[in-house]
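J.: Mind looking over this structure? Questions follow.
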Amino acid sequence: MSNMTKSLAVFSGSTYPEFAEEVARCLGVELGKVQLEKFANGEIYARYLETVRGADVFIVQSVSGPNVNESLMELLIMIDAAKRASARTVHAVVTHYAYARQDRKAAAREPITAKLVANLMTTAGIDSIITMDLHQGQIQGFFDVPVNHLSALWQLAEHIKTKDLDTDNMVVVSPDLGRAKAAKKMSNLIGCDMAILHKERPKHNQAEVTALIGDVSGKDCILNDDMIDTGGSVVAAVKTLKAKGANRVYVTCTHPVFSGSAYERLNDPDIEEVIVTNTIPVDKERAGKVHVISVAPLFARAIQNVFGNTSISEMFDPNFAL
C-alpha cells in the first residue's frame, strides 16, 4: 500500500488532551473525535465517532496521575475499540509510561509492573509504541512490537545553553548510578564535566544521598533525572551539592510527576530553576520555579515518520540508550 492511500488518524485520551491537540497542530491534522465516558460504577466506555477502518490510528495518552490506573485502562480500552473498528494499525503514543520504576525484582515476592503494562498494551493490540525517556532502557525489551524510544535530553540541553553559563565551571550531576549514562550524554551535549551522586532508598519516595563522585565546588550544577515524583530526593541531592560547595543548582527532568507537596518542595531557595517537559500536565498556578519545554513537535515528527515508514533513528543518537 502506498503512502498516498494511507490515512492518518490521531486521537486523544482524557488525561492530557491539550498535548494531543498540540501534536495534531504540528502534524497539520484535526484531532479525531472519540466519546469517552464512565458508567455509574466507574467502568470506562470508549467509542470512536468517526470511521477508522483502514486507518493508521495514533492514540496519544499520558499514563499519569492523579488517576494513573484510569488513564492506563482508558488507553487499553481505546486500543481495543480501534482494533475492533478495523483500524489498519494502532500505535500507542505514551508520553509518560507509568509503572516503569518497577522494572525488575529488587526484593523477593515483588512484581515487575513495567513488564505487566507492556503485556497489557501488546495484548490489547498495539502495533508499536512511541514513548519518551523510559525509566530504564531495558523496558523496550518487554515489548514484542517496535518501541520508538525518544529522548528529551537534546531539548533540555539546548535550554541550558541559552543561559550562557560558563561551561568550564559547570557540571552535569546524575542523581544516582542508574542515570549516569544519561548525565554523561547531557554533559557531552553541553560540553562540561559530570558528577554522580549515590543514594539509597530506605522506602518508596524517600532517598538518602550517601556519596558524591566528582568535583562540584564553585561550579554551577545541572541535576538531571528522568522524573520527579514527590521531590524529596531532588531536594536532598540539591542540599548535598550545596554542602559540597556548589554554586547555582538547576534541576532538569523529562517527566514532572509532581505528587503531593512536590511543587512546594521545588520552590526551595537552593534551586535556581526546575526545567521539565510537558509529557505530564503541570499545574501553572503552582509552578513557581518550574519552566516547561514542549516536546509535542518531537512526538509529532515521530508519528509522521512512523506513518510514512521513514527513519526514527535520525531523531536521536542510535548508539545511546537511556
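In the C-alpha cells, the first chain shown is A, the next is B, and so on; residue numbers restart at 1 for each chain, and ligands run from 1 in the order shown.
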Just the residues within 9 Å of Phe19 in chain A, please, counting only C-alpha atoms, with nothing from its chain fewer than 3 positions along; format it as a VMD selection string.

T.: chain A and resid 12 16 22 to 24 60 to 62 278 to 281 294 296

J.: Selection from above, C-alpha atoms, as an mmCIF file, in the first residue's frame, can you write it?

T.:
```cif
data_model
loop_
_atom_site.group_PDB
_atom_site.id
_atom_site.type_symbol
_atom_site.label_atom_id
_atom_site.label_comp_id
_atom_site.auth_asym_id
_atom_site.auth_seq_id
_atom_site.Cartn_x
_atom_site.Cartn_y
_atom_site.Cartn_z
ATOM 1 C CA SER A 12 -6.512 11.699 22.479
ATOM 2 C CA TYR A 16 -3.963 15.341 28.622
ATOM 3 C CA GLU A 22 -0.591 20.474 20.043
ATOM 4 C CA VAL A 23 0.691 17.289 18.394
ATOM 5 C CA ALA A 24 -2.182 17.399 15.894
ATOM 6 C CA VAL A 60 -1.975 9.972 22.495
ATOM 7 C CA GLN A 61 -2.144 9.393 26.239
ATOM 8 C CA SER A 62 -0.042 10.383 29.239
ATOM 9 C CA ASN A 278 5.219 18.665 29.045
ATOM 10 C CA THR A 279 4.855 14.868 28.943
ATOM 11 C CA ILE A 280 2.652 15.315 32.035
ATOM 12 C CA PRO A 281 0.471 18.402 32.620
ATOM 13 C CA SER A 294 7.226 21.388 24.889
ATOM 14 C CA ALA A 296 4.936 17.898 21.239
#
```

J.: Considering only alpha helix (DSSP H) as DSSP defines it on the backbone, what residues of range 3-248 of chain A qualify? List them as a ChimeraX atom specification.

T.: /A:17-27,68-84,113-124,153-161,180-190,232-243

J.: Quick one: residues within 8 Å of Leu212 in chain A, only C-alpha atoms counted, chain neighbours fewer than 2 positions away excluded, as a PyMOL selection string?

T.: chain A and resi 195-198+210+214

J.: Take the residues just selected and output them with all heavy atoms as an mmCIF file, in the first residue's frame.

T.:
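Output saved as out_5.cif:
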```cif
data_model
loop_
_atom_site.group_PDB
_atom_site.id
_atom_site.type_symbol
_atom_site.label_atom_id
_atom_site.label_comp_id
_atom_site.auth_asym_id
_atom_site.auth_seq_id
_atom_site.Cartn_x
_atom_site.Cartn_y
_atom_site.Cartn_z
ATOM 1 N N ALA A 195 29.278 14.664 37.307
ATOM 2 C CA ALA A 195 29.483 14.081 38.632
ATOM 3 C C ALA A 195 28.330 13.123 38.896
ATOM 4 O O ALA A 195 27.300 13.160 38.226
ATOM 5 C CB ALA A 195 29.547 15.168 39.701
ATOM 6 N N ILE A 196 28.507 12.250 39.892
ATOM 7 C CA ILE A 196 27.495 11.240 40.193
ATOM 8 C C ILE A 196 27.234 11.215 41.702
ATOM 9 O O ILE A 196 28.170 11.161 42.506
ATOM 10 C CB ILE A 196 27.943 9.835 39.740
ATOM 11 C CG1 ILE A 196 28.264 9.822 38.249
ATOM 12 C CG2 ILE A 196 26.871 8.801 40.063
ATOM 13 C CD1 ILE A 196 28.885 8.512 37.768
ATOM 14 N N LEU A 197 25.967 11.275 42.052
ATOM 15 C CA LEU A 197 25.557 11.086 43.440
ATOM 16 C C LEU A 197 25.179 9.628 43.643
ATOM 17 O O LEU A 197 24.671 8.968 42.724
ATOM 18 C CB LEU A 197 24.352 11.970 43.782
ATOM 19 C CG LEU A 197 24.595 13.476 43.887
ATOM 20 C CD1 LEU A 197 23.261 14.214 43.936
ATOM 21 C CD2 LEU A 197 25.442 13.812 45.108
ATOM 22 N N HIS A 198 25.414 9.130 44.842
ATOM 23 C CA HIS A 198 24.954 7.787 45.187
ATOM 24 C C HIS A 198 23.909 7.916 46.279
ATOM 25 O O HIS A 198 24.129 8.597 47.279
ATOM 26 C CB HIS A 198 26.098 6.900 45.677
ATOM 27 C CG HIS A 198 25.671 5.502 46.003
ATOM 28 N ND1 HIS A 198 25.262 5.124 47.264
ATOM 29 C CD2 HIS A 198 25.556 4.403 45.224
ATOM 30 C CE1 HIS A 198 24.917 3.849 47.252
ATOM 31 N NE2 HIS A 198 25.095 3.388 46.027
ATOM 32 N N THR A 210 24.323 9.298 49.920
ATOM 33 C CA THR A 210 25.406 8.761 50.747
ATOM 34 C C THR A 210 26.798 9.090 50.227
ATOM 35 O O THR A 210 27.772 8.973 50.963
ATOM 36 C CB THR A 210 25.266 7.231 50.868
ATOM 37 O OG1 THR A 210 25.274 6.653 49.547
ATOM 38 C CG2 THR A 210 23.962 6.860 51.566
ATOM 39 N N GLY A 214 32.990 13.125 42.053
ATOM 40 C CA GLY A 214 33.238 14.262 41.190
ATOM 41 C C GLY A 214 33.362 15.550 41.977
ATOM 42 O O GLY A 214 33.063 15.602 43.180
#
```

J.: Can you check which residues of range 14-51 of chain A DSSP gives as strand (DSSP E or B) on the backbone and send them as a list in words?

T.: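 Those in range 14-51 of chain A that DSSP calls strand (DSSP E or B) are Val34, Gln35, Leu36, Glu37, Lys38, Ile44, Tyr45, Ala46, Arg47 and Tyr48 of chain A.
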
J.: Residues as selected, N, CA, C and O atoms, written as a short mmCIF file (atom, residue, chain, number, x, y, z; two decimals), in the first residue's frame, can you do that?

T.:
```
data_model
loop_
_atom_site.label_atom_id
_atom_site.label_comp_id
_atom_site.auth_asym_id
_atom_site.auth_seq_id
_atom_site.Cartn_x
_atom_site.Cartn_y
_atom_site.Cartn_z
N VAL A 34 -13.66 11.19 19.64
CA VAL A 34 -13.89 9.95 20.36
C VAL A 34 -14.73 10.26 21.59
O VAL A 34 -14.54 11.28 22.25
N GLN A 35 -15.67 9.39 21.88
CA GLN A 35 -16.53 9.54 23.05
C GLN A 35 -15.96 8.74 24.20
O GLN A 35 -15.78 7.52 24.10
N LEU A 36 -15.62 9.43 25.30
CA LEU A 36 -15.07 8.78 26.49
C LEU A 36 -15.97 9.09 27.67
O LEU A 36 -16.13 10.25 28.03
N GLU A 37 -16.52 8.06 28.27
CA GLU A 37 -17.43 8.24 29.40
C GLU A 37 -17.17 7.18 30.46
O GLU A 37 -16.39 6.24 30.24
N LYS A 38 -17.85 7.35 31.59
CA LYS A 38 -17.78 6.36 32.66
C LYS A 38 -19.19 5.92 33.04
O LYS A 38 -20.10 6.74 33.09
N ILE A 44 -15.04 2.31 32.28
CA ILE A 44 -14.76 3.26 31.21
C ILE A 44 -15.38 2.80 29.90
O ILE A 44 -15.33 1.60 29.56
N TYR A 45 -15.96 3.73 29.17
CA TYR A 45 -16.57 3.47 27.87
C TYR A 45 -15.88 4.33 26.82
O TYR A 45 -15.62 5.51 27.03
N ALA A 46 -15.57 3.74 25.68
CA ALA A 46 -14.95 4.48 24.57
C ALA A 46 -15.61 4.09 23.26
O ALA A 46 -15.88 2.91 23.01
N ARG A 47 -15.87 5.10 22.43
CA ARG A 47 -16.41 4.86 21.09
C ARG A 47 -15.90 5.93 20.14
O ARG A 47 -15.98 7.13 20.42
N TYR A 48 -15.34 5.47 19.02
CA TYR A 48 -14.86 6.42 18.01
C TYR A 48 -16.06 6.96 17.24
O TYR A 48 -16.91 6.19 16.78
#
```

J.: In Å, how far is it from CA of Leu150 in chain A to CA of Ile303 in chain A?

T.: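 Interatomic distance here is 11.3 Å.
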
J.: Write out as a PDB file with N, CA and C atoms, in the first residue's frame each polymer residue whose atoms come within 7 Å of range 98-111 of chain A, counting only C-alpha atoms; drop sequence neighbours fewer than 4 positions from it.

T.:
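As written to disk, out-v1.pdb reads:
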```pdb
ATOM      1  N   VAL A  63       0.083   8.389  30.601  1.00  0.00           N
ATOM      2  CA  VAL A  63      -0.371   7.482  31.657  1.00  0.00           C
ATOM      3  C   VAL A  63       0.181   8.018  32.978  1.00  0.00           C
ATOM      4  N   SER A  64      -0.573   8.954  33.552  1.00  0.00           N
ATOM      5  CA  SER A  64      -0.081   9.671  34.726  1.00  0.00           C
ATOM      6  C   SER A  64      -1.241  10.009  35.651  1.00  0.00           C
ATOM      7  N   LYS A 115       6.858  -4.712  32.933  1.00  0.00           N
ATOM      8  CA  LYS A 115       6.588  -5.818  32.006  1.00  0.00           C
ATOM      9  C   LYS A 115       5.096  -6.084  31.915  1.00  0.00           C
ATOM     10  N   LEU A 134      12.156   6.333  29.023  1.00  0.00           N
ATOM     11  CA  LEU A 134      11.757   5.276  29.938  1.00  0.00           C
ATOM     12  C   LEU A 134      12.688   5.253  31.140  1.00  0.00           C
ATOM     13  N   HIS A 135      12.159   4.818  32.266  1.00  0.00           N
ATOM     14  CA  HIS A 135      12.960   4.813  33.498  1.00  0.00           C
ATOM     15  C   HIS A 135      14.244   4.002  33.312  1.00  0.00           C
ATOM     16  N   ILE A 139      13.327  -1.687  29.387  1.00  0.00           N
ATOM     17  CA  ILE A 139      11.879  -1.836  29.278  1.00  0.00           C
ATOM     18  C   ILE A 139      11.471  -2.033  27.822  1.00  0.00           C
TER      19      ILE A 139
END
```

J.: I'd like the contact shell of Lys244 in chain A - 8 Å cut-off, only C-alpha atoms, skipping same-chain residues fewer than 4 positions apart - returned as a PDB file with N, CA and C atoms, in the first residue's frame.

T.:
```pdb
ATOM      1  N   VAL A 216      32.264  19.459  42.515  1.00  0.00           N
ATOM      2  CA  VAL A 216      31.222  20.446  42.236  1.00  0.00           C
ATOM      3  C   VAL A 216      31.510  21.781  42.911  1.00  0.00           C
ATOM      4  N   SER A 217      32.607  21.871  43.626  1.00  0.00           N
ATOM      5  CA  SER A 217      32.912  23.078  44.387  1.00  0.00           C
ATOM      6  C   SER A 217      33.068  24.301  43.478  1.00  0.00           C
ATOM      7  N   THR A 240      22.871  18.350  49.238  1.00  0.00           N
ATOM      8  CA  THR A 240      24.198  17.727  49.251  1.00  0.00           C
ATOM      9  C   THR A 240      25.171  18.504  48.370  1.00  0.00           C
TER      10      THR A 240
END
```

J.: My list of candidates is A:Asp283, A:Glu158, A:Glu272, A:Glu50. Which is closest to Met186 in chain A when distances are computed with only C-alpha atoms?

T.: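 Selected residue with least distance to Met186 in chain A: A:Glu158.
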
J.: Tyr250 in chain A: which residues within 7 Å, counting only C-alpha atoms, same-chain residues fewer than 2 positions away excluded, as a PyMOL selection string?

T.: chain A and resi 221-223+248+252+271-274

J.: Residues of the last selection are to be written out with C-alpha atoms, as an mmCIF file, in the first residue's frame.

T.:
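Writing done, so here's out-v2.cif:
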```cif
data_model
loop_
_atom_site.group_PDB
_atom_site.id
_atom_site.type_symbol
_atom_site.label_atom_id
_atom_site.label_comp_id
_atom_site.auth_asym_id
_atom_site.auth_seq_id
_atom_site.Cartn_x
_atom_site.Cartn_y
_atom_site.Cartn_z
ATOM 1 C CA CYS A 221 25.322 22.162 38.694
ATOM 2 C CA ILE A 222 22.725 20.690 36.335
ATOM 3 C CA LEU A 223 20.951 17.901 38.213
ATOM 4 C CA ARG A 248 23.929 27.525 41.444
ATOM 5 C CA THR A 252 16.112 19.127 34.840
ATOM 6 C CA ILE A 271 17.177 25.628 43.457
ATOM 7 C CA GLU A 272 17.599 28.167 40.652
ATOM 8 C CA GLU A 273 15.126 26.636 38.211
ATOM 9 C CA VAL A 274 13.343 23.338 37.546
#
```

J.: Any idea what the distance is between CA of Val172 in chain A and CA of Ile190 in chain A?

T.: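 Interatomic distance here is 8.8 Å.
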
J.: Would you kindly return, as a list in words, each protein, DNA or RNA residue with an atom no farther than 10 Å from any atom of Gly178 in chain A, considering only C-alpha atoms and excluding same-chain residues fewer than 3 positions away?

T.: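 Residues meeting the cut-off are His135, Gln136, Ser174, Pro175, Lys181, Ala182, Ala183, Ile196, His198, Asp225 and Leu322 of chain A.
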
J.: So how many Å separate CA of Arg301 in chain A and CA of Gly28 in chain A, to one decimal?

T.: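 Value for the CA of Arg301 in chain A-CA of Gly28 in chain A distance: 11.2 Å.
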